[in-house]
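K.L.:
Input file: data_17.pdb. Contents: PDB, C-alpha atoms, pLDDT in the B column.
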MODEL        1
ATOM      1  CA  GLY D 941      94.452-121.161-172.357  1.00 84.00           C
ATOM      2  CA  ALA D 942      97.044-122.309-169.883  1.00 91.00           C
ATOM      3  CA  GLU D 943      99.439-119.430-170.610  1.00 93.00           C
ATOM      4  CA  LEU D 944      96.776-116.800-169.896  1.00 92.00           C
ATOM      5  CA  ALA D 945      95.792-118.602-166.686  1.00 93.00           C
ATOM      6  CA  ARG D 946      99.429-118.681-165.519  1.00 95.00           C
ATOM      7  CA  ALA D 947      99.858-114.966-166.253  1.00 96.00           C
ATOM      8  CA  ALA D 948      96.668-114.065-164.360  1.00 96.00           C
ATOM      9  CA  LYS D 949      97.720-116.225-161.403  1.00 96.00           C
ATOM     10  CA  LEU D 950     101.140-114.529-161.390  1.00 97.00           C
ATOM     11  CA  ARG D 951      99.525-111.066-161.147  1.00 97.00           C
ATOM     12  CA  ILE D 952      97.192-112.233-158.367  1.00 97.00           C
ATOM     13  CA  ASN D 953     100.134-113.697-156.437  1.00 97.00           C
ATOM     14  CA  GLN D 954     102.062-110.434-156.862  1.00 97.00           C
ATOM     15  CA  MET D 955      99.122-108.534-155.380  1.00 97.00           C
ATOM     16  CA  LYS D 956      98.873-110.991-152.488  1.00 96.00           C
ATOM     17  CA  ALA D 957     102.583-110.487-151.761  1.00 97.00           C
ATOM     18  CA  SER D 958     102.060-106.719-151.452  1.00 97.00           C
ATOM     19  CA  ASP D 959     101.024-105.287-148.101  1.00 97.00           C
ATOM     20  CA  THR D 960      98.590-102.843-149.733  1.00 97.00           C
ATOM     21  CA  PHE D 961      97.165-102.234-153.180  1.00 97.00           C
ATOM     22  CA  TRP D 962      99.183 -98.992-153.289  1.00 97.00           C
ATOM     23  CA  GLU D 963     102.383-101.006-152.834  1.00 97.00           C
ATOM     24  CA  TYR D 964     101.398-103.212-155.773  1.00 97.00           C
ATOM     25  CA  LEU D 965     100.642-100.123-157.915  1.00 97.00           C
ATOM     26  CA  ALA D 966     104.030 -98.636-157.064  1.00 97.00           C
ATOM     27  CA  MET D 967     105.788-101.700-158.509  1.00 96.00           C
ATOM     28  CA  ARG D 968     104.029-101.095-161.872  1.00 97.00           C
ATOM     29  CA  LEU D 969     103.827-104.840-162.538  1.00 96.00           C
ATOM     30  CA  GLY D 970     101.384-105.407-165.389  1.00 96.00           C
ATOM     31  CA  LYS D 971     101.091-101.661-166.032  1.00 97.00           C
ATOM     32  CA  PRO D 972      98.062-101.098-163.763  1.00 98.00           C
ATOM     33  CA  HIS D 973      95.750 -98.291-164.821  1.00 97.00           C
ATOM     34  CA  VAL D 974      92.386 -96.883-163.781  1.00 97.00           C
ATOM     35  CA  LEU D 975      89.452 -97.676-166.036  1.00 94.00           C
ATOM     36  CA  SER D 976      86.474 -95.528-167.009  1.00 90.00           C
ATOM     37  CA  GLY D 977      82.893 -96.030-168.094  1.00 88.00           C
ATOM     38  CA  ASP D 978      81.130 -99.082-166.712  1.00 86.00           C
ATOM     39  CA  LEU D 979      84.417-100.200-165.099  1.00 90.00           C
ATOM     40  CA  SER D 980      85.236 -96.813-163.527  1.00 92.00           C
ATOM     41  CA  ASN D 981      85.602 -98.361-160.057  1.00 94.00           C
ATOM     42  CA  CYS D 982      88.297-100.730-161.302  1.00 96.00           C
ATOM     43  CA  TYR D 983      91.910-101.031-162.345  1.00 97.00           C
ATOM     44  CA  ALA D 984      93.158-103.096-165.281  1.00 96.00           C
ATOM     45  CA  VAL D 985      96.396-105.078-165.107  1.00 98.00           C
ATOM     46  CA  SER D 986      97.982-106.623-168.198  1.00 97.00           C
ATOM     47  CA  VAL D 987      98.187-110.398-168.338  1.00 96.00           C
ATOM     48  CA  SER D 988      98.961-110.561-172.063  1.00 93.00           C
ATOM     49  CA  ALA D 989      99.118-108.241-175.057  1.00 91.00           C
ATOM     50  CA  ASN D 990      95.312-107.979-175.289  1.00 91.00           C
ATOM     51  CA  PHE D 991      93.897-109.365-172.030  1.00 94.00           C
ATOM     52  CA  ARG D 992      93.546-107.522-168.732  1.00 95.00           C
ATOM     53  CA  LEU D 993      92.852-108.667-165.202  1.00 97.00           C
ATOM     54  CA  ILE D 994      90.100-106.417-163.812  1.00 96.00           C
ATOM     55  CA  ILE D 995      90.602-105.477-160.155  1.00 97.00           C
ATOM     56  CA  ALA D 996      88.151-103.597-157.914  1.00 98.00           C
ATOM     57  CA  PRO D 997      89.894-102.178-154.835  1.00 98.00           C
ATOM     58  CA  GLN D 998      87.469-102.180-151.913  1.00 97.00           C
ATOM     59  CA  VAL D 999      87.699 -98.453-151.192  1.00 97.00           C
ATOM     60  CA  ASP D1000      85.484 -95.368-151.446  1.00 95.00           C
ATOM     61  CA  ASN D1001      87.860 -93.523-153.782  1.00 95.00           C
ATOM     62  CA  PHE D1002      91.240 -93.925-155.465  1.00 96.00           C
ATOM     63  CA  SER D1003      93.121 -91.221-153.582  1.00 96.00           C
ATOM     64  CA  PRO D1004      96.685 -92.190-152.648  1.00 95.00           C
ATOM     65  CA  GLU D1005      95.852 -91.863-148.939  1.00 96.00           C
ATOM     66  CA  ILE D1006      93.012 -94.376-149.243  1.00 97.00           C
ATOM     67  CA  LEU D1007      94.882 -96.788-151.542  1.00 96.00           C
ATOM     68  CA  LYS D1008      97.846 -96.816-149.127  1.00 97.00           C
ATOM     69  CA  CYS D1009      95.482 -98.458-146.621  1.00 97.00           C
ATOM     70  CA  CYS D1010      93.679-100.753-149.095  1.00 97.00           C
ATOM     71  CA  LYS D1011      94.286-104.402-148.217  1.00 97.00           C
ATOM     72  CA  LYS D1012      91.316-105.934-150.031  1.00 97.00           C
ATOM     73  CA  VAL D1013      90.530-106.133-153.753  1.00 97.00           C
ATOM     74  CA  VAL D1014      88.019-108.127-155.747  1.00 97.00           C
ATOM     75  CA  VAL D1015      89.150-109.820-158.939  1.00 96.00           C
ATOM     76  CA  LYS D1016      86.305-109.231-161.407  1.00 95.00           C
ATOM     77  CA  GLY D1017      87.776-111.393-164.162  1.00 94.00           C
ATOM     78  CA  VAL D1018      89.839-111.332-167.335  1.00 95.00           C
ATOM     79  CA  VAL D1019      88.650-109.259-170.264  1.00 93.00           C
ATOM     80  CA  GLU D1020      89.704-108.118-173.716  1.00 89.00           C
ATOM     81  CA  TYR D1021      88.255-104.601-173.969  1.00 80.00           C
ATOM     82  CA  HIS D1022      90.055-103.137-176.983  1.00 76.00           C
ATOM     83  CA  GLY D1023      88.144-102.021-180.044  1.00 73.00           C
ATOM     84  CA  GLY D1024      85.048-100.904-178.138  1.00 74.00           C
ATOM     85  CA  LYS D1025      84.062-104.368-176.918  1.00 77.00           C
ATOM     86  CA  ASN D1026      84.176-106.169-173.585  1.00 81.00           C
ATOM     87  CA  GLU D1027      84.908-109.828-174.252  1.00 84.00           C
ATOM     88  CA  TRP D1028      85.032-111.455-170.814  1.00 86.00           C
ATOM     89  CA  ILE D1029      87.103-114.623-170.780  1.00 84.00           C
ATOM     90  CA  VAL D1030      86.814-115.238-167.037  1.00 71.00           C
ATOM     91  CA  PRO D1031      83.864-113.283-165.559  1.00 64.00           C
TER      92      PRO D1031
ENDMDL
END
Will you turn the file into structure tokens for me?

P.N.:
Amino acid sequence: GAELARAAKLRINQMKASDTFWEYLAMRLGKPHVLSGDLSNCYAVSVSANFRLIIAPQVDNFSPEILKCCKKVVVKGVVEYHGGKNEWIVP
């Protein structure tokens, strides 16, 4: 709905306002965390209690040195992945 869209847009705007992805991570907005499994090259950022914005930093690895230089990410979509399922709302 509209509230979820606003929350996702807010997170995207916060990332755009950061000079690097590392700077965004340091602010801890949306509790960013690394994912595993089929999304192991991505971070999740909270946009609501159950939904996460999936972000793929365009880097070779997630070392701090590399992420401090990362200026490009790809937004994969919004997903609810709790309970062993991946329910993509915005793929």

K.L.:
Could you give me, as a ChimeraX atom specification, the residues within 12 Å of Leu950 in chain D, counting only C-alpha atoms and dropping anything in the same chain fewer than 5 positions from it?

P.N.:
/D:943-945,955-957,969-970,985-988,993

K.L.:
Give me the residues near range 1007-1021 of chain D as a PyMOL selection string, where near means some atom within 8 Å (using only C-alpha atoms) and where sequence neighbours in that chain fewer than 4 positions away do not count.

P.N.:
chain D and resi 948+959-963+990-999+1002-1003+1025-1031

K.L.:
Once 4 Å is added on each side, what are the centre and the three edge lengths, in Å to one decimal, of the axis-aligned box enclosing the listed atoms of range 1005-1019 of chain D? Present them as JSON.

P.N.:
{"center_x": 92.1, "center_y": -101.6, "center_z": -158.4, "size_x": 19.5, "size_y": 27.5, "size_z": 31.6}

K.L.:
Neighbouring residues of Val974 in chain D were defined as those with any atom within 9 Å, considering only C-alpha atoms; residues of the same chain fewer than 5 positions away were excluded. Please report them as a PyMOL selection string.

P.N.:
chain D and resi 979-984+1002

K.L.:
If I take CA of Tyr964 in chain D and CA of Gly941 in chain D, how far is one from the other in Å, to one decimal?

P.N.:
25.4 Å

K.L.:
Kindly indicate which residue among D:Ala942, D:Ile952, D:Leu965, D:Ala989 lies nearest to His1022 in chain D, using all atoms listed in the file for the distances.

P.N.:
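Once distances to His1022 in chain D are computed over all atoms listed in the file, the minimum belongs to D:Ala989.
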
K.L.:
So which one's closest to Pro972 in chain D, D:Asp1000, D:Gly1023, D:Arg946, D:Arg951? Using all atoms listed in the file, please.

P.N.:
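Nearest to Pro972 in chain D: D:Arg951.
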